[in-house]
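Reproduced below: structure07.cif, with mmCIF, C-alpha atoms.
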```
data_query
#
loop_
_atom_site.label_atom_id
_atom_site.label_comp_id
_atom_site.auth_asym_id
_atom_site.auth_seq_id
_atom_site.Cartn_x
_atom_site.Cartn_y
_atom_site.Cartn_z
CA MET A 1 45.23 158.76 112.66
CA ARG A 2 45.95 160.11 109.17
CA ALA A 3 49.55 160.44 108.04
CA ALA A 4 51.68 160.90 104.90
CA VAL A 5 53.82 157.77 104.56
CA LEU A 6 56.87 157.21 102.34
CA GLU A 7 56.23 153.99 100.43
CA GLU A 8 58.60 154.48 97.46
CA TYR A 9 61.22 157.15 96.85
CA GLU A 10 60.13 159.85 94.39
CA GLU A 11 56.58 158.49 94.36
CA PRO A 12 53.64 160.31 95.98
CA LEU A 13 53.40 159.85 99.72
CA ALA A 14 50.53 157.59 100.74
CA ILE A 15 47.89 159.42 102.77
CA GLU A 16 46.57 156.66 104.99
CA ASP A 17 45.36 155.69 108.46
CA VAL A 18 48.09 154.46 110.80
CA ASP A 19 48.25 153.55 114.47
CA ARG A 20 48.48 156.56 116.75
CA PRO A 21 51.71 156.89 118.79
CA GLU A 22 52.12 156.15 122.48
CA PRO A 23 54.48 158.21 124.66
CA ASP A 24 57.64 156.77 126.18
CA ALA A 25 57.99 157.20 129.92
CA ASP A 26 60.10 160.32 129.33
CA GLY A 27 58.10 161.49 126.32
CA VAL A 28 54.81 163.01 125.25
CA VAL A 29 52.47 162.85 122.30
CA ALA A 30 51.34 166.10 120.68
CA SER A 31 48.53 166.73 118.26
CA VAL A 32 50.14 168.49 115.31
CA ASP A 33 48.92 172.06 114.90
CA ALA A 34 51.02 172.69 111.81
CA CYS A 35 54.08 171.35 110.00
CA GLY A 36 56.25 173.07 107.43
CA VAL A 37 57.13 171.37 104.13
CA CYS A 38 60.88 171.77 103.75
CA ARG A 39 63.46 171.01 101.09
CA SER A 40 64.94 168.58 103.61
CA ASP A 41 61.69 166.62 103.28
CA TRP A 42 62.36 166.59 99.54
CA HIS A 43 65.82 165.16 100.17
CA GLY A 44 64.24 162.37 102.22
CA TRP A 45 61.51 161.82 99.65
CA VAL A 46 64.03 161.27 96.83
CA GLY A 47 66.23 159.02 98.98
CA ASN A 48 69.22 161.28 99.65
CA TRP A 49 71.46 161.40 102.68
CA GLU A 50 72.26 157.76 103.41
CA TRP A 51 75.89 158.95 103.71
CA PHE A 52 75.06 160.50 107.07
CA ASP A 53 72.25 158.15 108.10
CA TYR A 54 69.36 160.49 107.31
CA ARG A 55 67.79 158.52 104.50
CA PRO A 56 64.29 157.72 105.80
CA PRO A 57 63.30 154.05 105.59
CA LYS A 58 60.34 153.07 103.46
CA GLY A 59 57.18 153.03 105.53
CA HIS A 60 58.33 156.11 107.48
CA ILE A 61 56.18 159.18 108.17
CA LEU A 62 57.94 162.32 106.89
CA GLY A 63 57.68 165.86 108.26
CA HIS A 64 60.11 167.60 110.62
CA GLU A 65 58.96 171.21 111.14
CA PRO A 66 56.00 170.87 113.55
CA SER A 67 54.34 172.71 116.35
CA GLY A 68 51.78 170.94 118.48
CA THR A 69 49.61 170.71 121.57
CA VAL A 70 50.49 168.06 124.15
CA ILE A 71 47.71 165.49 124.55
CA GLU A 72 49.42 162.64 126.43
CA VAL A 73 52.30 162.69 128.91
CA GLY A 74 54.69 159.92 130.00
CA ASP A 75 55.06 159.06 133.69
CA ASP A 76 58.62 160.42 134.03
CA VAL A 77 58.07 163.81 132.38
CA GLU A 78 58.54 166.69 134.82
CA THR A 79 58.13 170.02 133.02
CA VAL A 80 55.58 169.40 130.26
CA THR A 81 51.88 168.97 130.90
CA GLU A 82 48.80 168.13 128.89
CA GLY A 83 47.54 171.17 126.98
CA ASP A 84 50.94 172.82 126.60
CA ARG A 85 51.54 174.38 123.16
CA VAL A 86 55.05 173.44 122.08
CA ALA A 87 57.67 173.97 119.46
CA ILE A 88 59.39 170.75 118.43
CA PRO A 89 63.02 170.62 117.21
CA PHE A 90 63.85 168.44 114.23
CA ASN A 91 66.89 166.88 115.92
CA PHE A 92 65.73 165.22 119.15
CA ALA A 93 68.36 165.45 121.90
CA CYS A 94 69.13 162.89 124.59
CA GLY A 95 69.95 165.39 127.35
CA HIS A 96 72.89 163.54 128.87
CA CYS A 97 75.74 163.43 126.31
CA HIS A 98 78.61 165.95 126.39
CA GLU A 99 77.10 168.25 123.73
CA CYS A 100 73.75 168.37 125.51
CA ARG A 101 75.39 169.10 128.86
CA VAL A 102 77.31 172.07 127.46
CA GLY A 103 74.30 173.61 125.72
CA TYR A 104 74.59 172.24 122.17
CA GLU A 105 71.54 170.02 122.14
CA ASN A 106 71.26 170.59 118.38
CA LEU A 107 74.50 168.58 118.05
CA CYS A 108 73.48 165.79 120.43
CA GLU A 109 75.75 162.75 120.07
CA ASN A 110 72.70 160.46 120.28
CA HIS A 111 70.19 162.59 118.42
CA LEU A 112 67.28 161.27 116.38
CA GLY A 113 66.26 163.06 113.19
CA LEU A 114 62.52 163.70 113.30
CA GLY A 115 60.92 162.40 110.12
CA PHE A 116 64.17 160.90 108.85
CA GLN A 117 65.39 158.18 111.18
CA LYS A 118 63.83 155.01 112.53
CA GLY A 119 62.44 155.69 115.99
CA ALA A 120 61.40 159.25 115.11
CA PRO A 121 58.22 159.14 112.99
CA GLY A 122 57.52 162.52 111.46
CA ALA A 123 54.83 165.14 111.74
CA PHE A 124 52.97 164.91 108.44
CA ALA A 125 50.39 163.31 110.69
CA GLU A 126 47.64 164.17 113.13
CA GLU A 127 49.88 163.30 116.09
CA VAL A 128 53.64 163.07 116.72
CA PRO A 129 55.59 161.49 119.60
CA ILE A 130 58.30 163.59 121.29
CA PRO A 131 60.99 161.69 123.23
CA ASN A 132 62.88 163.27 126.14
CA ALA A 133 60.10 165.82 126.32
CA ASP A 134 61.63 167.89 129.11
CA ILE A 135 64.26 168.92 126.53
CA ASN A 136 62.54 168.48 123.16
CA ALA A 137 59.10 169.97 123.81
CA VAL A 138 59.65 173.72 124.10
CA LYS A 139 56.72 175.68 125.51
CA LEU A 140 55.46 178.51 123.32
CA PRO A 141 54.78 182.00 124.61
CA ASP A 142 51.06 182.77 124.51
CA SER A 143 51.52 185.47 121.88
CA VAL A 144 53.36 183.24 119.38
CA ASP A 145 51.19 181.69 116.67
CA PRO A 146 51.65 177.89 116.37
CA VAL A 147 51.41 177.94 112.57
CA GLU A 148 54.17 180.53 112.39
CA VAL A 149 56.29 178.42 114.73
CA ALA A 150 55.90 175.49 112.34
CA GLY A 151 57.49 177.71 109.74
CA MET A 152 60.32 178.26 112.22
CA GLY A 153 60.84 174.53 112.71
CA CYS A 154 63.97 173.81 110.69
CA ARG A 155 64.69 176.54 108.18
CA PHE A 156 63.99 179.60 110.28
CA MET A 157 65.77 178.41 113.43
CA THR A 158 68.77 177.10 111.48
CA SER A 159 69.00 180.43 109.66
CA TYR A 160 68.68 182.22 112.99
CA ARG A 161 71.57 180.24 114.45
CA GLY A 162 73.60 180.82 111.30
CA MET A 163 73.10 184.57 111.29
CA ALA A 164 72.93 185.36 115.01
CA HIS A 165 75.38 182.82 116.43
CA GLN A 166 77.68 181.35 113.80
CA ALA A 167 78.20 184.50 111.72
CA ASP A 168 77.33 186.95 114.53
CA VAL A 169 75.99 189.50 112.06
CA SER A 170 76.68 193.01 113.31
CA ARG A 171 75.08 196.36 112.57
CA GLY A 172 75.88 197.71 109.11
CA GLU A 173 77.63 194.60 107.82
CA TYR A 174 76.99 193.37 104.31
CA VAL A 175 75.44 189.90 104.14
CA VAL A 176 75.05 187.96 100.88
CA VAL A 177 72.54 185.09 100.72
CA GLN A 178 72.91 182.62 97.86
CA GLY A 179 69.66 180.76 97.16
CA LEU A 180 66.33 182.24 98.25
CA GLY A 181 64.28 179.23 99.23
CA GLY A 182 62.86 178.93 102.72
CA ILE A 183 66.29 178.98 104.36
CA GLY A 184 67.55 181.87 102.29
CA LEU A 185 64.47 184.05 102.72
CA SER A 186 64.47 183.37 106.46
CA ALA A 187 68.13 184.39 106.59
CA VAL A 188 67.39 187.62 104.70
CA HIS A 189 64.72 188.56 107.24
CA ILE A 190 66.84 187.59 110.25
CA ALA A 191 70.04 189.29 109.06
CA ASP A 192 68.04 192.44 108.36
CA ALA A 193 66.58 192.32 111.89
CA LEU A 194 70.12 191.99 113.28
CA GLY A 195 71.17 195.16 111.44
CA GLY A 196 72.81 193.66 108.38
CA ASN A 197 72.62 195.05 104.85
CA VAL A 198 71.46 192.00 102.89
CA ILE A 199 71.95 191.13 99.22
CA GLY A 200 69.89 188.21 97.92
CA VAL A 201 71.00 186.10 94.95
CA ASP A 202 68.75 183.71 93.03
CA LEU A 203 67.48 182.83 89.54
CA MET A 204 63.76 183.56 90.07
CA ASP A 205 62.36 187.08 90.07
CA GLU A 206 59.53 186.07 92.41
CA LYS A 207 62.01 184.97 95.08
CA LEU A 208 64.11 188.09 94.58
CA GLU A 209 61.03 190.27 95.02
CA MET A 210 60.13 188.47 98.23
CA ALA A 211 63.68 188.96 99.50
CA GLU A 212 63.28 192.70 99.00
CA GLU A 213 59.98 192.62 100.89
CA LEU A 214 61.80 190.87 103.75
CA GLY A 215 64.51 193.49 103.96
CA ALA A 216 67.14 192.90 101.26
CA ILE A 217 68.73 196.19 100.18
CA GLU A 218 69.69 194.74 96.77
CA THR A 219 69.10 191.55 94.79
CA VAL A 220 70.98 189.87 91.97
CA ASN A 221 69.39 187.62 89.37
CA ALA A 222 72.30 185.28 88.67
CA SER A 223 70.81 184.25 85.32
CA GLU A 224 70.89 187.81 84.00
CA VAL A 225 74.45 188.88 84.83
CA ASP A 226 77.80 187.67 83.55
CA ASP A 227 79.37 187.33 87.00
CA PRO A 228 77.15 187.34 90.11
CA VAL A 229 80.23 187.41 92.36
CA ALA A 230 81.43 190.62 90.72
CA GLU A 231 77.94 192.10 91.10
CA VAL A 232 77.95 191.40 94.84
CA ARG A 233 81.48 192.72 95.28
CA ASP A 234 80.49 195.90 93.46
CA ILE A 235 77.35 196.41 95.60
CA THR A 236 79.36 195.84 98.79
CA ASN A 237 82.39 197.92 97.76
CA GLY A 238 84.84 195.03 97.88
CA GLY A 239 82.94 192.07 99.28
CA ALA A 240 80.42 191.05 101.91
CA HIS A 241 81.31 190.56 105.57
CA VAL A 242 79.07 187.47 105.79
CA SER A 243 77.91 184.94 103.21
CA LEU A 244 75.38 182.14 103.36
CA ASP A 245 74.93 179.25 100.94
CA ALA A 246 71.34 178.15 101.49
CA LEU A 247 71.25 175.64 98.62
CA GLY A 248 74.28 173.35 98.83
CA ILE A 249 75.32 173.03 95.20
CA GLU A 250 78.87 173.66 94.00
CA GLU A 251 78.12 176.96 92.26
CA THR A 252 76.29 178.66 95.13
CA CYS A 253 78.80 177.46 97.71
CA GLN A 254 81.78 178.74 95.73
CA ASN A 255 80.08 182.01 94.78
CA ALA A 256 79.15 182.70 98.39
CA ILE A 257 82.75 182.34 99.57
CA GLU A 258 84.19 184.25 96.62
CA SER A 259 81.79 187.13 97.40
CA LEU A 260 83.44 187.75 100.78
CA ARG A 261 85.95 190.42 101.67
CA THR A 262 89.11 189.71 103.67
CA ARG A 263 88.35 187.94 106.98
CA GLY A 264 84.77 187.34 105.92
CA ARG A 265 82.58 184.69 107.56
CA HIS A 266 80.83 182.04 105.52
CA VAL A 267 77.87 180.02 106.82
CA GLN A 268 76.92 176.75 105.14
CA ILE A 269 73.34 175.54 105.62
CA GLY A 270 72.46 174.02 102.23
CA LEU A 271 73.16 170.28 102.08
CA THR A 272 74.19 168.16 99.14
CA THR A 273 72.31 165.67 96.96
CA LYS A 274 73.20 162.15 95.81
CA GLU A 275 75.23 163.63 92.95
CA GLN A 276 77.67 165.21 95.42
CA ARG A 277 77.28 162.79 98.34
CA GLY A 278 78.43 165.30 100.93
CA TYR A 279 81.25 167.03 99.08
CA ASN A 280 81.61 170.31 97.20
CA PRO A 281 84.95 171.69 96.00
CA LEU A 282 85.84 174.92 97.81
CA PRO A 283 88.03 177.90 96.79
CA THR A 284 90.77 176.77 99.16
CA ASP A 285 93.35 179.41 98.26
CA THR A 286 90.79 182.20 98.78
CA ILE A 287 89.92 180.78 102.18
CA VAL A 288 93.58 180.65 103.21
CA MET A 289 94.86 183.91 101.74
CA ASN A 290 91.87 185.96 102.94
CA GLU A 291 91.54 184.12 106.27
CA ILE A 292 87.91 183.26 105.59
CA GLN A 293 86.00 181.61 108.42
CA VAL A 294 83.75 178.71 107.37
CA ASN A 295 80.93 177.71 109.72
CA GLY A 296 78.09 175.21 109.58
CA SER A 297 74.64 175.71 111.09
CA SER A 298 72.26 172.90 111.98
CA GLY A 299 69.18 173.73 114.00
CA LEU A 300 69.09 175.74 117.21
CA PRO A 301 69.60 174.39 120.75
CA PRO A 302 66.22 174.32 122.52
CA SER A 303 67.84 176.21 125.38
CA LYS A 304 68.30 179.14 122.96
CA TYR A 305 64.71 179.23 121.66
CA GLY A 306 63.83 181.90 124.20
CA GLU A 307 65.97 184.59 122.57
CA MET A 308 64.33 183.95 119.20
CA PHE A 309 60.83 183.93 120.73
CA ARG A 310 61.52 187.26 122.45
CA MET A 311 62.40 188.81 119.10
CA VAL A 312 59.11 187.47 117.70
CA GLU A 313 57.08 188.72 120.68
CA ASN A 314 58.59 192.20 120.33
CA GLY A 315 58.00 192.44 116.59
CA LYS A 316 61.63 192.23 115.48
CA LEU A 317 61.14 188.88 113.76
CA ASP A 318 58.04 187.74 111.90
CA PRO A 319 58.32 184.08 110.84
CA GLY A 320 54.83 184.31 109.41
CA ALA A 321 56.15 186.68 106.74
CA VAL A 322 58.07 183.81 105.16
CA ILE A 323 55.00 181.50 105.05
CA THR A 324 53.45 181.59 101.60
CA ASP A 325 50.89 178.77 101.62
CA ARG A 326 48.73 176.91 104.15
CA ILE A 327 47.78 173.51 102.80
CA ASP A 328 46.17 170.22 103.78
CA LEU A 329 47.94 166.87 104.13
CA GLU A 330 47.17 165.90 100.54
CA GLY A 331 48.93 169.04 99.34
CA VAL A 332 52.33 167.83 100.57
CA ASN A 333 52.89 165.78 97.43
CA ASP A 334 52.44 168.79 95.16
CA GLU A 335 54.95 170.79 97.19
CA LEU A 336 57.54 168.01 97.12
CA ALA A 337 57.17 167.61 93.36
CA ALA A 338 57.55 171.37 92.84
CA MET A 339 60.79 171.39 94.85
CA THR A 340 62.46 169.17 92.26
CA ASP A 341 62.67 172.18 89.94
CA TYR A 342 63.02 174.78 92.73
CA GLU A 343 59.55 176.11 91.98
CA THR A 344 58.34 176.72 95.53
CA VAL A 345 58.51 180.21 97.03
CA GLY A 346 58.79 180.77 100.77
CA ILE A 347 57.57 178.22 103.31
CA PRO A 348 54.41 176.14 102.74
CA VAL A 349 52.83 174.88 105.97
CA VAL A 350 50.37 172.02 106.53
CA ASN A 351 47.67 173.01 108.98
CA GLU A 352 44.83 170.65 107.98
CA PHE A 353 45.29 166.98 108.79
CA ALA A 354 41.84 165.40 109.17
#
```
Let's see the structure in the file written out as structure tokens.
Amino acid sequence: MRAAVLEEYEEPLAIEDVDRPEPDADGVVASVDACGVCRSDWHGWVGNWEWFDYRPPKGHILGHEPSGTVIEVGDDVETVTEGDRVAIPFNFACGHCHECRVGYENLCENHLGLGFQKGAPGAFAEEVPIPNADINAVKLPDSVDPVEVAGMGCRFMTSYRGMAHQADVSRGEYVVVQGLGGIGLSAVHIADALGGNVIGVDLMDEKLEMAEELGAIETVNASEVDDPVAEVRDITNGGAHVSLDALGIEETCQNAIESLRTRGRHVQIGLTTKEQRGYNPLPTDTIVMNEIQVNGSSGLPPSKYGEMFRMVENGKLDPGAVITDRIDLEGVNDELAAMTDYETVGIPVVNEFA
């Protein structure tokens, strides 16, 4: 089968023929219907994240936002059958650790990072293996488009968890989103659907315009104002109730927290690069004196996919609205290169593999 293989960091992925996968006894193999190209793929491509064991080894297939159709089923699989259309989480769960047993499969103590860790080859390929398929292969409703679900894969579902669960956005609350890449734009759309009044902050007019199309009531171009925090606090009459840093750099993280009002809730989704190696300085005194809540968000437990799918089925969420490009496998390299300078807009999705 054809796949995009990491041979050298920051060099174009090799598009080549590799051996097709075989299912484990508890797993399945799916033909990939589509796979999003995410900034997390960029982090793997440049060789980030060895500090938490997510640096993909050379020779690894990247890609972690897939949807697929099951084509081969292991002997011990009970709930998944050949022909099922499935969503595939990027953090494969084991199903038996404490976190899995209490409904936090996204935080599985034994998880494997799809497209990042040895034992979990990614989905920039014609086929992808899914271990522990009774947990990690989530059947799609008939009305949900598989390409749109690929856009959901990492960014949309992590933003959904951040807005709906970790921040618990309520009707009429102000929500500020710092960084309008795929995560940020997804969060704008989701927070709007939950009843929030969303302000988007970025440096690119094209991303700000898309945020407005997705429901932002106001946007701030941080390159054109003296103090983007003051702008947000003015728009929100004293500060947002919820903030999200979708990028992970020091400036956006600090600005997001400083934009909050007393007892605000901050959600961190953006991850760091090799320059920061996992650490950003935070406005500690602001957090303490204003009793700010700081929450992380990483994926969505497969057991919670149903609530997100129901919002899609009933027209309250439209993950396809965040998809900007449908590309072939060769196009992945151009998207990764463009991410170095933050030039991509929305979510590009691979849907041609042959």
Given 3 Å of margin on each side, can you work out the centre and size in Å (one decimal) of an axis-aligned box holding every listed atom of segment 330-337 of chain A, as JSON?
```
{"center_x": 52.4, "center_y": 168.3, "center_z": 97.0, "size_x": 16.4, "size_y": 11.0, "size_z": 13.2}
```
Problem set entry | Answer key for the PyMOL selection byres ((chain A and resi 226-240) around 6), residues as a PyMOL selection string | chain A and resi 174-175+222+225+241-242+255+259-261
Problem set entry | Who sits within 9 Å of Leu140 of chain A, all atoms listed in the file, same chain under 6 positions skipped, as a VMD selection string | chain A and resid 84 to 87 146 149 309
Problem set entry | Atomic distance atom CA of Cys108 of chain A - atom CA of Arg277 of chain A, expressed in Å with one decimal | 22.6 Å
Exercise. Pick from A:Gly320, A:Gly270, A:Pro348, A:Pro131: nearest to Asp334 of chain A, with only C-alpha atoms counted?
Worked result: A:Pro348
Problem set entry | Point-to-point distance in Å for atom CA of Phe116 of chain A and atom CA of Phe90 of chain A |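 Distance between the two atoms: 9.3 Å.
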Run the PyMOL selection byres ((chain A and resi 331) around 10) mentally over the shown coordinates, then write out the matched residues as a compact mmCIF listing (two decimals) with C-alpha atoms, in the frame of the given file, using the chain letters and numbers from the document.
```txt
# COMPACT_ATOMS: atom_id res chain seq x y z
CA VAL A 37 57.13 171.37 104.13
CA ARG A 326 48.73 176.91 104.15
CA ILE A 327 47.78 173.51 102.80
CA ASP A 328 46.17 170.22 103.78
CA LEU A 329 47.94 166.87 104.13
CA GLU A 330 47.17 165.90 100.54
CA VAL A 332 52.33 167.83 100.57
CA ASN A 333 52.89 165.78 97.43
CA ASP A 334 52.44 168.79 95.16
CA GLU A 335 54.95 170.79 97.19
CA LEU A 336 57.54 168.01 97.12
CA PRO A 348 54.41 176.14 102.74
CA VAL A 349 52.83 174.88 105.97
CA VAL A 350 50.37 172.02 106.53
CA GLU A 352 44.83 170.65 107.98
```
For this session: Go through A:Leu114, A:Leu107, A:Ala125, A:Val144 one by one, measure the shortest atom-to-atom distance of each to Val5 of chain A using only C-alpha atoms, and give the residue with the smallest value.
Result: A:Ala125
For this session: Measuring atom to atom with only C-alpha atoms, identify which of A:Ala164, A:Ala120, A:Ile257, A:Val138 is nearest to Asn290 of chain A.
Result: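 Ranked by minimum distance to Asn290 of chain A, first place goes to A:Ile257.
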Exercise. Given the file above and the PyMOL selection byres ((chain A and resi 354) around 8), which residues are selected, and can you give them as an MDAnalysis selection string?
Worked result: chainID A and resid 2 126 352:353
For this session: Would you list the contacts of Pro56 of chain A as an MDAnalysis selection string, taking every protein, DNA or RNA residue within 10 Å and counting all atoms listed in the file, but skipping same-chain residues closer than 6 positions in sequence?
Result: chainID A and resid 6 9 41 43:50 62 113:118 120:121
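One finds atom CA of Ser170 of chain A at 6.6 Å from atom CA of Leu194 of chain A.
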Cut-off 9 Å: closest segment 239-317 of chain A/segment 186-192 of chain A atom pairs per residue, using all atoms listed in the file, as CSV:
```
residue,atom,partner,partner_atom,distance
A:Leu244,CA,A:Ala187,CA,8.2
A:Ala246,CA,A:Ala187,CA,8.7
A:Lys316,CA,A:Ile190,CA,8.7
A:Leu317,CA,A:Ile190,CA,6.8
```
Exercise. Near Pro89 of chain A, counting only C-alpha atoms, which residues have an atom at most 8 Å away, once you skip same-chain residues fewer than 4 positions from it, shown as a PyMOL selection string?
Worked result: chain A and resi 64-66+114+136-137+153-154+299-300+302
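Residues having any atom no farther than 6 Å from (78.8, 165.9, 122.7) (counting all atoms listed in the file) are Cys97, His98, Glu99, Cys108 and Glu109 of chain A.
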For this session: Can you pull out every residue within 12 Å of Lys207 of chain A, counting all atoms listed in the file, but drop anything in the same chain fewer than 4 positions away, and send it as a VMD selection string?
Result: chain A and resid 177 to 186 188 200 to 203 211 to 214 216 219 to 221 322 324 342 to 347
Nearby residues, (68.9, 168.6, 118.8) file frame, 6 Å, only C-alpha atoms, as a short mmCIF file (atom, residue, chain, number, x, y, z; two decimals) with C-alpha atoms, in the coordinates of the input:
```cif
data_model
loop_
_atom_site.label_atom_id
_atom_site.label_comp_id
_atom_site.auth_asym_id
_atom_site.auth_seq_id
_atom_site.Cartn_x
_atom_site.Cartn_y
_atom_site.Cartn_z
CA ASN A 91 66.89 166.88 115.92
CA PHE A 92 65.73 165.22 119.15
CA ALA A 93 68.36 165.45 121.90
CA GLU A 105 71.54 170.02 122.14
CA ASN A 106 71.26 170.59 118.38
CA LEU A 107 74.50 168.58 118.05
CA CYS A 108 73.48 165.79 120.43
#
```
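Remark: for Asn351 of chain A, the closest of the candidate residues A:Ile88, A:Val73, A:Val198, A:Ala34 is A:Ala34 (distances computed over all atoms listed in the file).
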For this session: Check the smallest atom-to-atom distance from each of A:Arg263, A:His111, A:Lys58, A:Arg310 to Leu13 of chain A using only C-alpha atoms, then report the winner.
Result: A:Lys58
